[in-house]
Each structure stands twice: as C-alpha cells, then as structure tokens.
>>> print(open('work-v6.tsv').read())   # TSV, C-alpha atoms
chain	number	residue	atom	x	y	z
A	1	MET	CA	0.00	0.00	0.00
A	2	GLN	CA	2.80	2.38	1.00
A	3	GLU	CA	4.76	1.41	-2.08
A	4	GLU	CA	1.74	2.20	-4.20
A	5	LYS	CA	1.46	5.62	-2.52
A	6	ARG	CA	5.15	6.28	-3.12
A	7	SER	CA	4.92	5.43	-6.82
A	8	LEU	CA	1.87	7.66	-7.12
A	9	GLU	CA	3.78	10.54	-5.56
A	10	GLU	CA	6.68	9.91	-7.92
A	11	ARG	CA	4.30	9.99	-10.85
A	12	HIS	CA	2.87	13.31	-9.66
A	13	ARG	CA	6.36	14.74	-9.32
A	14	ALA	CA	7.31	13.54	-12.82
A	15	ILE	CA	4.14	15.07	-14.29
A	16	ALA	CA	4.80	18.37	-12.49
A	17	ALA	CA	8.33	18.44	-13.94
A	18	LEU	CA	6.98	17.77	-17.45
A	19	ILE	CA	4.45	20.56	-17.05
A	20	ARG	CA	7.15	23.01	-15.91
A	21	SER	CA	9.36	22.14	-18.90
A	22	SER	CA	6.39	22.39	-21.27
A	23	GLN	CA	5.54	25.80	-19.83
A	24	GLU	CA	9.03	26.88	-20.87
A	25	GLY	CA	8.28	25.70	-24.40
A	26	ASP	CA	9.90	22.25	-24.31
A	27	LEU	CA	7.99	20.30	-26.97
A	28	GLN	CA	9.66	17.01	-26.07
A	29	ALA	CA	8.35	17.25	-22.51
A	30	PHE	CA	4.92	18.12	-23.84
A	31	GLY	CA	5.13	15.06	-26.09
A	32	GLU	CA	5.55	12.93	-22.96
A	33	LEU	CA	2.52	14.60	-21.42
A	34	ILE	CA	0.54	13.77	-24.56
A	35	VAL	CA	1.55	10.11	-24.23
A	36	LEU	CA	0.33	10.08	-20.62
A	37	TYR	CA	-3.02	11.72	-21.27
A	38	ARG	CA	-3.91	10.96	-24.91
A	39	GLU	CA	-6.08	7.90	-24.30
A	40	LYS	CA	-8.09	9.63	-21.60
A	41	ALA	CA	-8.44	12.86	-23.57
A	42	TYR	CA	-9.59	10.86	-26.58
A	43	GLY	CA	-11.99	8.91	-24.32
A	44	VAL	CA	-13.57	12.11	-22.99
A	45	ALA	CA	-14.07	13.40	-26.54
A	46	LEU	CA	-15.45	10.05	-27.72
A	47	SER	CA	-17.90	9.83	-24.81
A	48	LEU	CA	-19.32	13.20	-25.84
A	49	LEU	CA	-19.10	13.03	-29.63
A	50	ASN	CA	-19.72	9.33	-30.33
A	51	ASN	CA	-17.60	9.62	-33.44
A	52	HIS	CA	-14.05	8.33	-33.76
A	53	HIS	CA	-12.75	10.92	-36.24
A	54	ASP	CA	-14.30	13.89	-34.45
A	55	ALA	CA	-12.98	12.58	-31.11
A	56	GLU	CA	-9.49	12.27	-32.58
A	57	ASP	CA	-9.56	15.78	-34.08
A	58	ILE	CA	-11.02	17.43	-31.01
A	59	SER	CA	-8.66	15.77	-28.54
A	60	GLN	CA	-5.67	16.76	-30.71
A	61	GLU	CA	-6.97	20.31	-30.94
A	62	ALA	CA	-7.33	20.31	-27.15
A	63	PHE	CA	-3.67	19.36	-26.69
A	64	ILE	CA	-2.64	22.21	-29.00
A	65	LYS	CA	-4.83	24.66	-27.10
A	66	ALA	CA	-3.46	23.32	-23.81
A	67	PHE	CA	0.14	23.88	-24.92
A	68	GLU	CA	-0.61	27.41	-26.09
A	69	ASN	CA	-2.32	28.26	-22.78
A	70	LEU	CA	-0.03	26.28	-20.51
A	71	LYS	CA	1.28	29.47	-18.89
A	72	SER	CA	-2.17	30.10	-17.42
A	73	PHE	CA	-2.25	26.63	-15.83
A	74	GLU	CA	-1.80	26.64	-12.05
A	75	PRO	CA	0.74	23.91	-11.16
A	76	SER	CA	-1.11	23.24	-7.89
A	77	GLY	CA	-4.19	22.10	-9.85
A	78	SER	CA	-4.78	18.83	-11.68
A	79	PHE	CA	-3.43	18.89	-15.23
A	80	GLY	CA	-5.85	16.10	-16.18
A	81	ALA	CA	-8.90	18.01	-14.98
A	82	TRP	CA	-7.71	21.15	-16.77
A	83	LEU	CA	-7.04	19.28	-20.01
A	84	PHE	CA	-10.34	17.36	-19.90
A	85	LYS	CA	-12.18	20.64	-19.40
A	86	ILE	CA	-10.61	21.94	-22.63
A	87	VAL	CA	-11.58	18.71	-24.41
A	88	SER	CA	-15.15	18.94	-23.09
A	89	ASN	CA	-15.55	22.57	-24.14
A	90	LEU	CA	-14.23	21.91	-27.64
A	91	ALA	CA	-16.38	18.77	-27.97
A	92	LYS	CA	-19.50	20.62	-26.82
A	93	ASN	CA	-18.84	23.36	-29.38
A	94	LYS	CA	-18.38	20.74	-32.05
A	95	LEU	CA	-21.64	19.06	-30.99
A	96	ARG	CA	-23.50	22.35	-31.19
A	97	TRP	CA	-22.29	22.94	-34.75
A	98	ARG	CA	-22.88	19.33	-35.71
A	99	ARG	CA	-26.48	19.52	-34.52
A	100	ILE	CA	-27.11	22.72	-36.44
A	101	ARG	CA	-25.53	21.25	-39.58
A	102	GLU	CA	-27.25	17.90	-39.26
A	103	ARG	CA	-30.69	19.36	-38.71
A	104	PHE	CA	-30.52	21.65	-41.70
A	105	THR	CA	-28.52	19.93	-44.37
A	106	ILE	CA	-29.45	21.50	-47.67
A	107	SER	CA	-29.58	19.04	-50.50
A	108	LEU	CA	-29.11	20.45	-53.96
A	109	ASP	CA	-29.76	17.12	-55.64
A	110	ASP	CA	-32.33	18.02	-58.33
A	111	SER	CA	-32.74	14.41	-59.35
A	112	LYS	CA	-34.68	13.95	-56.11
A	113	GLU	CA	-36.98	16.85	-56.85
A	114	ASP	CA	-40.25	16.44	-54.98
A	115	ASP	CA	-43.78	16.74	-56.38
A	116	GLU	CA	-43.94	20.48	-55.82
A	117	GLY	CA	-40.73	20.97	-57.75
A	118	ASP	CA	-38.67	22.25	-54.82
A	119	LEU	CA	-35.02	22.14	-55.66
A	120	LEU	CA	-33.98	23.03	-52.13
A	121	LYS	CA	-34.97	20.36	-49.69
A	122	LEU	CA	-34.35	20.44	-45.94
A	123	GLN	CA	-33.16	17.14	-44.62
A	124	VAL	CA	-33.48	16.24	-40.94
A	125	ALA	CA	-30.54	14.04	-40.03
A	126	ASP	CA	-30.42	11.58	-37.14
A	127	PRO	CA	-28.91	13.44	-34.18
A	128	ASP	CA	-28.58	10.22	-32.16
A	129	LYS	CA	-25.99	8.69	-34.45
A	130	LYS	CA	-23.75	6.41	-32.34
A	131	VAL	CA	-20.26	5.02	-32.77
A	132	GLU	CA	-20.26	1.94	-34.95
A	133	PRO	CA	-19.83	-1.12	-32.71
A	134	ALA	CA	-17.30	-2.46	-35.23
A	135	PHE	CA	-14.97	0.29	-34.01
A	136	TYR	CA	-14.52	-1.45	-30.67
A	137	ALA	CA	-12.10	-4.32	-30.13
A	138	ASP	CA	-14.79	-6.96	-29.50
A	139	GLN	CA	-17.18	-7.23	-32.42
A	140	SER	CA	-19.42	-10.06	-31.22
A	141	SER	CA	-23.15	-9.51	-31.68
A	142	GLU	CA	-23.68	-9.62	-27.92
A	143	SER	CA	-21.17	-6.81	-27.42
A	144	SER	CA	-22.67	-4.82	-30.26
A	145	MET	CA	-26.11	-5.20	-28.72
A	146	LEU	CA	-24.79	-4.16	-25.33
A	147	MET	CA	-23.11	-1.07	-26.81
A	148	GLU	CA	-26.36	-0.17	-28.51
A	149	SER	CA	-28.14	-0.47	-25.17
A	150	ILE	CA	-25.49	1.67	-23.49
A	151	GLY	CA	-26.03	4.23	-26.23
A	152	LYS	CA	-29.68	4.45	-25.28
A	153	LEU	CA	-29.04	5.22	-21.61
A	154	PRO	CA	-29.59	8.77	-20.31
A	155	GLU	CA	-26.61	10.98	-21.26
A	156	ARG	CA	-24.80	11.09	-17.89
A	157	GLN	CA	-25.30	7.40	-17.19
A	158	ARG	CA	-24.03	6.55	-20.66
A	159	ARG	CA	-20.91	8.71	-20.30
A	160	ALA	CA	-20.13	7.32	-16.85
A	161	VAL	CA	-20.49	3.71	-18.07
A	162	GLU	CA	-18.44	4.28	-21.22
A	163	LEU	CA	-15.62	6.05	-19.40
A	164	LYS	CA	-15.54	3.53	-16.57
A	165	PHE	CA	-16.07	0.22	-18.33
A	166	VAL	CA	-15.17	0.78	-21.98
A	167	GLN	CA	-12.30	3.25	-21.57
A	168	GLY	CA	-11.25	1.64	-18.30
A	169	CYS	CA	-10.82	4.86	-16.33
A	170	LYS	CA	-10.59	4.96	-12.55
A	171	LEU	CA	-13.59	6.24	-10.61
A	172	SER	CA	-11.70	9.40	-9.64
A	173	GLU	CA	-10.77	9.98	-13.28
A	174	VAL	CA	-14.38	9.59	-14.44
A	175	ALA	CA	-15.43	12.14	-11.82
A	176	GLU	CA	-12.69	14.49	-13.04
A	177	MET	CA	-13.64	14.02	-16.68
A	178	MET	CA	-17.35	14.52	-16.05
A	179	GLU	CA	-16.76	17.35	-13.57
A	180	ILE	CA	-18.98	15.73	-10.93
A	181	ALA	CA	-18.40	14.15	-7.51
A	182	GLU	CA	-17.30	10.50	-7.23
A	183	GLY	CA	-20.50	9.71	-5.31
A	184	THR	CA	-22.57	11.03	-8.21
A	185	VAL	CA	-20.57	8.90	-10.66
A	186	LYS	CA	-21.24	5.84	-8.49
A	187	SER	CA	-24.98	6.48	-8.46
A	188	HIS	CA	-25.06	7.08	-12.25
A	189	ILE	CA	-23.21	3.82	-12.80
A	190	PHE	CA	-25.37	1.91	-10.35
A	191	ARG	CA	-28.58	3.07	-12.04
A	192	ALA	CA	-27.16	2.32	-15.48
A	193	LEU	CA	-26.10	-1.16	-14.38
A	194	GLU	CA	-29.59	-1.86	-13.08
A	195	THR	CA	-30.94	-1.23	-16.58
A	196	LEU	CA	-28.13	-3.03	-18.38
A	197	LYS	CA	-28.16	-6.09	-16.12
A	198	ASN	CA	-31.82	-6.63	-16.97
A	199	ILE	CA	-30.97	-6.44	-20.67
A	200	VAL	CA	-28.12	-8.91	-20.25
A	201	ASP	CA	-30.43	-11.17	-18.27
A	202	SER	CA	-33.39	-11.09	-20.64
A	203	GLY	CA	-31.40	-10.65	-23.84
A	204	ASP	CA	-33.91	-7.98	-24.82
A	205	GLU	CA	-33.18	-4.42	-25.78
A	206	PRO	CA	-34.47	-1.64	-23.54
A	207	ASN	CA	-37.27	0.64	-24.55
A	208	GLU	CA	-36.22	4.08	-25.77
A	209	MET	CA	-35.27	6.16	-22.71
B	210	MET	CA	-25.34	-4.35	5.79
B	211	LYS	CA	-28.55	-5.29	3.98
B	212	CYS	CA	-28.73	-6.90	0.54
B	213	ASP	CA	-29.77	-3.59	-1.08
B	214	GLU	CA	-26.66	-1.87	0.24
B	215	ILE	CA	-24.52	-4.81	-0.87
B	216	LYS	CA	-26.11	-4.64	-4.31
B	217	GLU	CA	-25.08	-0.98	-4.66
B	218	GLN	CA	-21.47	-1.87	-3.99
B	219	LEU	CA	-21.24	-5.12	-5.92
B	220	TRP	CA	-19.82	-3.55	-9.06
B	221	LEU	CA	-17.14	-1.79	-7.04
B	222	TYR	CA	-16.35	-5.14	-5.43
B	223	GLN	CA	-16.15	-6.70	-8.87
B	224	THR	CA	-13.80	-4.02	-10.21
B	225	GLY	CA	-11.64	-4.14	-7.06
B	226	GLU	CA	-12.35	-0.58	-6.07
B	227	LEU	CA	-13.62	-1.25	-2.57
B	228	GLU	CA	-11.62	-0.82	0.60
B	229	SER	CA	-10.35	-4.15	1.86
B	230	SER	CA	-12.63	-4.15	4.94
B	231	SER	CA	-15.77	-3.61	2.83
B	232	ALA	CA	-14.60	-6.18	0.28
B	233	ASP	CA	-14.06	-8.75	3.05
B	234	PHE	CA	-17.54	-8.06	4.40
B	235	ILE	CA	-19.12	-8.59	0.97
B	236	ARG	CA	-17.10	-11.76	0.41
B	237	VAL	CA	-18.50	-13.24	3.61
B	238	HIS	CA	-22.02	-12.07	2.76
B	239	LEU	CA	-21.87	-13.65	-0.69
B	240	LYS	CA	-21.10	-17.03	0.84
B	241	GLU	CA	-24.35	-16.87	2.74
B	242	CYS	CA	-26.69	-15.04	0.34
B	243	GLY	CA	-27.88	-16.73	-2.86
B	244	LYS	CA	-29.75	-13.61	-4.08
B	245	CYS	CA	-26.59	-11.47	-3.99
B	246	ARG	CA	-24.63	-14.29	-5.66
B	247	MET	CA	-27.13	-14.18	-8.51
B	248	GLU	CA	-26.67	-10.41	-8.76
B	249	LEU	CA	-22.93	-10.89	-8.95
B	250	ALA	CA	-23.33	-13.54	-11.67
B	251	LEU	CA	-25.39	-11.07	-13.72
B	252	LEU	CA	-22.75	-8.41	-13.29
B	253	GLU	CA	-20.06	-10.86	-14.43
B	254	LYS	CA	-22.15	-11.60	-17.52
B	255	PHE	CA	-22.35	-7.86	-18.21
B	256	PHE	CA	-18.59	-7.41	-17.84
B	257	GLN	CA	-17.91	-10.36	-20.15
B	258	ARG	CA	-20.03	-8.83	-22.88
B	259	LEU	CA	-18.40	-5.43	-22.67
B	260	PRO	CA	-16.34	-4.63	-25.74
B	261	GLY	CA	-12.66	-3.83	-25.29
B	262	LYS	CA	-11.18	-0.40	-25.64
B	263	PRO	CA	-11.45	1.24	-29.07
B	264	LYS	CA	-9.01	-0.29	-31.52
B	265	PHE	CA	-5.94	1.93	-31.52
B	266	SER	CA	-2.59	0.35	-32.22
B	267	GLU	CA	0.66	1.72	-30.81
B	268	SER	CA	1.56	3.12	-34.24
B	269	ASP	CA	-1.85	4.85	-34.40
B	270	TRP	CA	-1.07	6.52	-31.10
B	271	ASP	CA	2.42	7.45	-32.31
B	272	ARG	CA	0.89	9.09	-35.38
B	273	TYR	CA	-1.62	10.85	-33.14
B	274	THR	CA	1.17	12.31	-30.99
B	275	ALA	CA	3.35	13.21	-33.97
B	276	ARG	CA	0.49	15.09	-35.61
B	277	ILE	CA	0.02	17.30	-32.55
B	278	LEU	CA	3.75	17.96	-32.19
B	279	ASN	CA	4.10	18.75	-35.91
B	280	ARG	CA	1.28	21.23	-35.75
B	281	LEU	CA	2.83	22.87	-32.69
B	282	GLU	CA	6.21	22.99	-34.45
B	283	GLU	CA	4.61	24.61	-37.52
B	284	ARG	CA	2.90	27.22	-35.39
B	285	ARG	CA	6.13	27.94	-33.57
B	286	SER	CA	8.11	28.42	-36.80
B	287	ALA	CA	5.45	30.76	-38.22
B	288	VAL	CA	6.76	34.34	-37.73
B	289	PRO	CA	4.61	36.12	-35.12
B	290	LEU	CA	3.01	39.39	-36.12
B	291	GLY	CA	4.95	41.40	-33.49
B	292	SER	CA	8.34	40.09	-34.61
B	293	TRP	CA	11.15	42.46	-35.74
B	294	ARG	CA	11.47	40.25	-38.81
B	295	TRP	CA	8.39	42.05	-40.16
B	296	ALA	CA	10.04	45.50	-39.76
B	297	PRO	CA	11.36	45.85	-43.38
B	298	ALA	CA	8.00	44.85	-44.80
B	299	PHE	CA	6.27	47.27	-42.44
B	300	ALA	CA	8.65	50.10	-43.44
B	301	LEU	CA	8.09	49.39	-47.12
B	302	GLY	CA	4.35	49.48	-46.54
B	303	LEU	CA	4.65	52.86	-44.82
B	304	VAL	CA	6.77	54.26	-47.69
B	305	LEU	CA	4.22	53.05	-50.23
B	306	VAL	CA	1.26	54.50	-48.33
B	307	PHE	CA	2.82	57.91	-47.62
B	308	GLY	CA	4.45	58.01	-51.06
B	309	GLY	CA	1.06	57.35	-52.62
B	310	ILE	CA	-0.59	60.11	-50.60
B	311	PHE	CA	2.21	62.59	-51.43
B	312	TYR	CA	2.03	61.67	-55.14
B	313	ARG	CA	-1.76	62.20	-55.18
B	314	ILE	CA	-1.51	65.62	-53.52
B	315	HIS	CA	1.33	66.70	-55.83
B	316	ASP	CA	-0.47	65.38	-58.87
B	317	ARG	CA	-3.66	67.25	-57.97
B	318	GLN	CA	-1.77	70.54	-57.44
B	319	LYS	CA	-0.07	70.08	-60.81
B	320	SER	CA	-3.36	69.50	-62.59
B	321	ASP	CA	-4.91	72.54	-60.80
B	322	HIS	CA	-2.06	74.75	-62.10
B	323	LYS	CA	-2.52	73.39	-65.60
B	324	GLU	CA	-6.24	74.17	-65.42
B	325	ILE	CA	-5.62	77.79	-64.31
B	326	ILE	CA	-3.08	78.31	-67.08
B	327	ALA	CA	-5.53	76.86	-69.63
B	328	ARG	CA	-8.28	79.27	-68.44
B	329	LEU	CA	-5.93	82.25	-68.71
B	330	ASP	CA	-5.08	81.19	-72.25
B	331	VAL	CA	-8.78	81.20	-73.14
B	332	LEU	CA	-9.23	84.68	-71.70
B	333	GLU	CA	-6.21	85.90	-73.60
B	334	ASN	CA	-7.50	84.47	-76.86
B	335	LEU	CA	-10.85	86.18	-76.34
B	336	ASP	CA	-8.92	89.48	-76.28
B	337	LEU	CA	-11.06	90.69	-73.40
B	338	LEU	CA	-8.05	91.99	-71.61
B	339	GLU	CA	-6.72	94.08	-74.49
B	340	ARG	CA	-6.33	97.67	-73.28
B	341	ASP	CA	-6.98	99.25	-76.74
B	342	ASP	CA	-10.46	97.81	-76.95
B	343	PHE	CA	-11.46	99.52	-73.75
B	344	GLU	CA	-10.07	102.87	-74.96
B	345	GLU	CA	-11.99	102.62	-78.25
B	346	LEU	CA	-15.18	101.80	-76.47
B	347	ALA	CA	-14.69	104.77	-74.18
B	348	LYS	CA	-14.19	107.13	-77.17
B	349	ALA	CA	-17.32	105.89	-78.91
B	350	GLN	CA	-19.39	106.73	-75.89
>>> encode(input="work-v6.tsv", output="structure tokens")
Amino acid sequence: MQEEKRSLEERHRAIAALIRSSQEGDLQAFGELIVLYREKAYGVALSLLNNHHDAEDISQEAFIKAFENLKSFEPSGSFGAWLFKIVSNLAKNKLRWRRIRERFTISLDDSKEDDEGDLLKLQVADPDKKVEPAFYADQSSESSMLMESIGKLPERQRRAVELKFVQGCKLSEVAEMMEIAEGTVKSHIFRALETLKNIVDSGDEPNEM
Amino acid sequence: MKCDEIKEQLWLYQTGELESSSADFIRVHLKECGKCRMELALLEKFFQRLPGKPKFSESDWDRYTARILNRLEERRSAVPLGSWRWAPAFALGLVLVFGGIFYRIHDRQKSDHKEIIARLDVLENLDLLERDDFEELAKAQ
C-alpha cells in the first residue's frame, strides 16, 4: 500500500516536472505529457461526440490549445482536470455545430426533386448517431447489442459507463472528466447497471429512454 | 449491511475498487446469500459482454502524438506578427502608403495649375483683356 502511494507521488512529481518544462516551451516534454493523457483525452471526446474521427480531431486540438495556454495553468491544480475541461468545451462546441448542420442539411440534388418541384430540400438528419460497434475491439453480436443499449441510456449514465467500463478509467478519473463528484458517478453507474443487467439477463433491448 | 446496500457496492467489489474491509464483508455475505450471488453472476455476464477499448494500435497513437507535435512545431516556426522580422515589410508598406498620398496631392496641385493656365489662355484668346479695346469703347461713348 505504502509502495503504491510512493509510486503515485513519484508519478505526480514527474508530471509536475513535465508541465514546468512544457511551460518553458519544451515540446519534447509536452510530447511525454501527450503520451500520458492521450487515451483519456480521446476517451472524454469520444464519450461526448460518439464519433471516432471527431474525437481524434477534437482531442488533438485540445492538446494544442493546452500547450498554447499552458502558462495560465496553475501547477497546484490537476493537469488532467484542466485538459479534460478543454476537451469537453471543444467537444461541446463541435456538438452544437454538428447539430445545427445535421438538422438543416441543404440538399441540392435536383434528381430527387419532390412533387412540388422544390429544388432546395431540408433534410433532418439523425442526431442520435452512435459510434459503430465495429470500431470497438470486441465485435461479437452480444457486445454490439450491449453497446447499442449503453447508447440508449440517459446521457450522464451513458458517459459514466463508457468512461468507466469501456475506456477503463478509474472512478476518480471519471469524476474528473465529467466534472462531478465521485459519489454522483457511483450512483449514475449503479442506475445504469440496473438497466443493463436486466438487458443482459433477458437478452432484450431496452425501450427508448 | 442489507442486501440492497450490498447490491449498490457489488460492481465496485467486482472491479476491485472497494476498501479491503468492505470487500471482506461482501465476500463473507456472498457465501451466505444466494440472491446477492445471482446479482454478482449477472454483473459478471455484463462485464464479459463489454467490448474492449477502441481499436488503436501503438503506431496509431504514435501518429496521433506526432500530428500534434508537428502542428505545434509549424505554429512555432510561423513568424509572429509582433516580430522584428516584419520591420522591413512594415517600413516598405509605410513608404508606399505615404508616397502614394504625397504623389496624389502633388499630382492634384499640378493639374490645378494646368487648369488655371488653360483658363488664362482662353481669356487671352478672347482678347477681353486688351487695353486698346477699352479705350476705343470709351471714345465711342
């Protein structure tokens, strides 16, 4: 236990040193920080955007923004929490624009002209588009069905479950990423598991929530 | 601890995130309680069906990191707007702007002079300023 605590302290010290060097413009040190946080940053973006390419772009953009604003980062604070906040903000902006774009996609395809002869047709896209199950490591139909069910959970429950069980984050990290208390994460996960366990048990899909 | 409270902590027990005293307590409880054992079995089923992490190979991650660092390097090598390296271009811009303004003013003055000279020529050609004409007119009256 004490050894674990010591290695955790060492890790904190190493991260603090990397942050200090990065603040002085050392790109190599920042590269090491990227390696430490990239999976989690990507996971936060993916849990919000549900799209691999967008999550990749947004998390990369967040690292760039973080480097450029590193001087404003307080070394006493948590670098992870600060970085995940940047990722969340960028992802939420992206979502806002995606929703606007998806709801009002103008199709100029005149071959699909409707009866009234309108050349401009407003298309309402599906805003609940989820990540393709094939993107995950396990592609069995049971896993795909489970991911689909997770996708139908209420937003906060879904994010908590994805970050905890799919991304494999620690409870404290999920709380940091979602900007909520650990106790709240636990209750979100517990409620989600109640729904998901029933699905696993019955093999049925849940009703739309 | 009642079964409901155990149920709330079962997933934490399963993921090894409970303090050792609580985990020991649940372990003992599970030996005695069939209902909680069934709950645990369901949870295990759920965990088995969970897909793994998104498929990202080590080289994918390396590319990911390299892309960020390259973009940062590009931004760093781009000359900032406040840099002294822009001074010659800025000076040239100033010369062009003020030179242009000076040329315009000078050009306008030159064309104004030309216009005045042209008007005087017209007046001279009309002979209205000839002194003799005025004298003759005065005599006739």
>>> interface_residues(input="work-v6.tsv", of="chain B", to="chain A", cutoff="12 Å", atoms="only C-alpha atoms", output="MDAnalysis selection string")
chainID B and resid 213:221 223:229 247:267 269:285
>>> write_last_selection(input="work-v6.tsv", atoms="C-alpha atoms", output="PDB file, in the coordinates of the input")
ATOM      1  CA  ASP B 213     -29.770  -3.590  -1.080  1.00  0.00           C
ATOM      2  CA  GLU B 214     -26.660  -1.870   0.240  1.00  0.00           C
ATOM      3  CA  ILE B 215     -24.520  -4.810  -0.870  1.00  0.00           C
ATOM      4  CA  LYS B 216     -26.110  -4.640  -4.310  1.00  0.00           C
ATOM      5  CA  GLU B 217     -25.080  -0.980  -4.660  1.00  0.00           C
ATOM      6  CA  GLN B 218     -21.470  -1.870  -3.990  1.00  0.00           C
ATOM      7  CA  LEU B 219     -21.240  -5.120  -5.920  1.00  0.00           C
ATOM      8  CA  TRP B 220     -19.820  -3.550  -9.060  1.00  0.00           C
ATOM      9  CA  LEU B 221     -17.140  -1.790  -7.040  1.00  0.00           C
ATOM     10  CA  GLN B 223     -16.150  -6.700  -8.870  1.00  0.00           C
ATOM     11  CA  THR B 224     -13.800  -4.020 -10.210  1.00  0.00           C
ATOM     12  CA  GLY B 225     -11.640  -4.140  -7.060  1.00  0.00           C
ATOM     13  CA  GLU B 226     -12.350  -0.580  -6.070  1.00  0.00           C
ATOM     14  CA  LEU B 227     -13.620  -1.250  -2.570  1.00  0.00           C
ATOM     15  CA  GLU B 228     -11.620  -0.820   0.600  1.00  0.00           C
ATOM     16  CA  SER B 229     -10.350  -4.150   1.860  1.00  0.00           C
ATOM     17  CA  MET B 247     -27.130 -14.180  -8.510  1.00  0.00           C
ATOM     18  CA  GLU B 248     -26.670 -10.410  -8.760  1.00  0.00           C
ATOM     19  CA  LEU B 249     -22.930 -10.890  -8.950  1.00  0.00           C
ATOM     20  CA  ALA B 250     -23.330 -13.540 -11.670  1.00  0.00           C
ATOM     21  CA  LEU B 251     -25.390 -11.070 -13.720  1.00  0.00           C
ATOM     22  CA  LEU B 252     -22.750  -8.410 -13.290  1.00  0.00           C
ATOM     23  CA  GLU B 253     -20.060 -10.860 -14.430  1.00  0.00           C
ATOM     24  CA  LYS B 254     -22.150 -11.600 -17.520  1.00  0.00           C
ATOM     25  CA  PHE B 255     -22.350  -7.860 -18.210  1.00  0.00           C
ATOM     26  CA  PHE B 256     -18.590  -7.410 -17.840  1.00  0.00           C
ATOM     27  CA  GLN B 257     -17.910 -10.360 -20.150  1.00  0.00           C
ATOM     28  CA  ARG B 258     -20.030  -8.830 -22.880  1.00  0.00           C
ATOM     29  CA  LEU B 259     -18.400  -5.430 -22.670  1.00  0.00           C
ATOM     30  CA  PRO B 260     -16.340  -4.630 -25.740  1.00  0.00           C
ATOM     31  CA  GLY B 261     -12.660  -3.830 -25.290  1.00  0.00           C
ATOM     32  CA  LYS B 262     -11.180  -0.400 -25.640  1.00  0.00           C
ATOM     33  CA  PRO B 263     -11.450   1.240 -29.070  1.00  0.00           C
ATOM     34  CA  LYS B 264      -9.010  -0.290 -31.520  1.00  0.00           C
ATOM     35  CA  PHE B 265      -5.940   1.930 -31.520  1.00  0.00           C
ATOM     36  CA  SER B 266      -2.590   0.350 -32.220  1.00  0.00           C
ATOM     37  CA  GLU B 267       0.660   1.720 -30.810  1.00  0.00           C
ATOM     38  CA  ASP B 269      -1.850   4.850 -34.400  1.00  0.00           C
ATOM     39  CA  TRP B 270      -1.070   6.520 -31.100  1.00  0.00           C
ATOM     40  CA  ASP B 271       2.420   7.450 -32.310  1.00  0.00           C
ATOM     41  CA  ARG B 272       0.890   9.090 -35.380  1.00  0.00           C
ATOM     42  CA  TYR B 273      -1.620  10.850 -33.140  1.00  0.00           C
ATOM     43  CA  THR B 274       1.170  12.310 -30.990  1.00  0.00           C
ATOM     44  CA  ALA B 275       3.350  13.210 -33.970  1.00  0.00           C
ATOM     45  CA  ARG B 276       0.490  15.090 -35.610  1.00  0.00           C
ATOM     46  CA  ILE B 277       0.020  17.300 -32.550  1.00  0.00           C
ATOM     47  CA  LEU B 278       3.750  17.960 -32.190  1.00  0.00           C
ATOM     48  CA  ASN B 279       4.100  18.750 -35.910  1.00  0.00           C
ATOM     49  CA  ARG B 280       1.280  21.230 -35.750  1.00  0.00           C
ATOM     50  CA  LEU B 281       2.830  22.870 -32.690  1.00  0.00           C
ATOM     51  CA  GLU B 282       6.210  22.990 -34.450  1.00  0.00           C
ATOM     52  CA  GLU B 283       4.610  24.610 -37.520  1.00  0.00           C
ATOM     53  CA  ARG B 284       2.900  27.220 -35.390  1.00  0.00           C
ATOM     54  CA  ARG B 285       6.130  27.940 -33.570  1.00  0.00           C
TER      55      ARG B 285
END
>>> residues_around(input="work-v6.tsv", residues="Ile15 (chain A)", least_positions_apart="6", cutoff="10 Å", atoms="only C-alpha atoms", output="mmCIF file with C-alpha atoms, in the coordinates of the input")
data_model
loop_
_atom_site.group_PDB
_atom_site.id
_atom_site.type_symbol
_atom_site.label_atom_id
_atom_site.label_comp_id
_atom_site.auth_asym_id
_atom_site.auth_seq_id
_atom_site.Cartn_x
_atom_site.Cartn_y
_atom_site.Cartn_z
ATOM 1 C CA GLU A 9 3.780 10.540 -5.560
ATOM 2 C CA SER A 21 9.360 22.140 -18.900
ATOM 3 C CA ALA A 29 8.350 17.250 -22.510
ATOM 4 C CA GLU A 32 5.550 12.930 -22.960
ATOM 5 C CA LEU A 33 2.520 14.600 -21.420
ATOM 6 C CA LEU A 36 0.330 10.080 -20.620
ATOM 7 C CA PRO A 75 0.740 23.910 -11.160
ATOM 8 C CA PHE A 79 -3.430 18.890 -15.230
#
>>> residues_around(input="work-v6.tsv", residues="region 176-184 of chain A", least_positions_apart="3", cutoff="9 Å", atoms="all atoms listed in the file", output="VMD selection string")
chain A and resid 40 to 41 44 80 to 81 84 to 85 88 156 159 to 160 163 171 to 173 187 to 189
>>> atom_distance(input="work-v6.tsv", atom1="CA of Gln157 (chain A)", atom2="CA of Val87 (chain A)")
19.2 Å
>>> atom_distance(input="work-v6.tsv", atom1="CA of Leu70 (chain A)", atom2="CA of Lys94 (chain A)")
22.4 Å
